[in-house]
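All remarks here apply to the structure that follows.
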Amino acid sequence: MSLIPPIGFQGLKEGLSKLKERFDGTQGEPYVVESKKFKALYFDSDSTQSLMDMQAPIRLVVSYTETMMGFLLFHANPQSIAMIGLGGGSLAKYCHHYLPGASILVLENNSKVIGLKGKFHVPENSAKFTVLEADGAAYLRNAEEKFDVLLIDGYTKLGQAPQLCSEDFYASCLACLNPGGILVINFSGAAGLNQVYQERIDRVFDHPSVLVVEDDRMNQILFASNGSSLKIPAEDLLRRSSALSQVHDIHLARTAQNFLAQRNLDSRQ
């Protein structure tokens, strides 16, 4: 779940804005707004938490979610994925559909958000897919299982949950990753504060992270690894993005290019 900036499609933005005005004053309770083409999750009238295409529920509509799927560039066939933050289930649904071999655990601490998952076509719990009501930071701190991929996208109506920004939390993430595992975090808000979070992560992980700025400048997606995965040569990364794009209808080539641009910038600093 994330704070998504105003929708870039002007007609969609205006249509949803008119609809959601009816729900102002819900005091932070999650609620759903539908237009003819889209369904959106809100905590308040200021920001969209999740967005679903009614005709293609699995499609990733918001660009930052496509960037978070950039973990495929470094771990194309994960067997275990954990996510903190359900929202409308965009990432969970996509991974469940396109990575059927992976066991997926989604940690969400808001029971009311979980109660809305049926409205967003989130799959029912099964042997390979589980949505669990739990505090993600506490769960990882005490977890015995390990994961190939960790996706952190946990927000409240006040912004990013503070328990997901501490050095202790990042240490828990590292401890829960399998060798060569990938951590991906969605940051939204002040770039300076996000830099502080990145510095904390880099103190915990032995390998430097890469913070990719979204084209809309509103979200920053951090990639970190407990191995050398992020050091892949540029030509190999672009080759992987091309191959993966035959299966995944998301902007992996754009993500690869943005990742490489930021990595090159970091290396010159």
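To be explicit about the labels: the chains of the structure tokens are called A, B, and onward in the order shown, and within each one the residues are counted from 1, while ligands get numbers from 1 in the order they are shown.
Those residues that approach range 241-250 of chain A to within 10 Å, counting only C-alpha atoms, are Arg59, Leu60, Val61, Ser63, Thr65, Glu66, Thr67, Met69, Gly70, Leu72, Leu73, Phe74, Ala76, Tyr94, Tyr98, Glu235, Asp236, Leu237, Arg254, Thr255, Ala256 and Gln257 of chain A; same-chain residues fewer than 4 positions away are not listed.
For range 64-132 of chain A, backbone-based DSSP labels the following residues as strand (DSSP E): A:Ser80, A:Ile81, A:Ala82, A:Met83, A:Ile84, A:Ser103, A:Ile104, A:Leu105, A:Val106, A:Leu107, A:Glu108, A:Phe129, A:Thr130, A:Val131, A:Leu132.
Across the structure, CA of Leu132 in chain A and CA of Tyr155 in chain A are spaced 16.2 Å apart.
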Residues at most 7 Å from range 39-42 of chain A, counting only C-alpha atoms, excluding those fewer than 4 positions away in the same chain, as a ChimeraX atom specification?
-> /A:30-35,47-54,88
Can you work out the spacing between CA of Asp153 in chain A and CA of Ile201 in chain A in Å, to one decimal?
-> 15.6 Å
Selection: 7 Å around Glu133 in chain A, only C-alpha atoms, excl. self and same-chain fewer than 2 positions, as a PyMOL selection string | chain A and resi 107-111+131
May I ask which of the residues A:Leu164, A:Gly118, A:Ser103, A:Gly154 is the closest one to Thr130 in chain A, counting only C-alpha atoms?
-> A:Ser103
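Nearest residue to Cys173 in chain A among A:Asp216, A:Glu29, A:Asp148, A:Glu124 is A:Asp148, counting only C-alpha atoms.
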What lies within 7 Å of Asn186 in chain A using only C-alpha atoms, ignoring chain neighbours under 2 positions off, as an NGL selection string?
-> :A and (152-153 or 184 or 188 or 219-222)
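Of the listed residues (A:Ile84, A:Leu260, A:Lys128, A:Gln160), A:Ile84 comes nearest to Leu140 in chain A; the distances count only C-alpha atoms.
The environment of Gln262 in chain A within 8 Å, counting only C-alpha atoms and disregarding residues fewer than 5 places along the same chain, consists of A:Val210, A:Leu211, A:Val212.
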Go ahead and save the residues from that selection, with C-alpha atoms, as a PDB file, in the first residue's frame.
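File written: out38.pdb
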ATOM      1  CA  VAL A 210      20.152   1.764  -5.441  1.00  0.00           C
ATOM      2  CA  LEU A 211      17.330   4.303  -5.051  1.00  0.00           C
ATOM      3  CA  VAL A 212      15.405   4.738  -8.308  1.00  0.00           C
TER       4      VAL A 212
END
Å distance separating CA of Leu91 in chain A from CA of Leu116 in chain A, one decimal place | 15.5 Å
With only C-alpha atoms as the basis for distance, which of A:Gly181, A:Leu252, A:Ser267, A:Asp202 is at the shortest distance from Gly227 in chain A?
-> A:Gly181
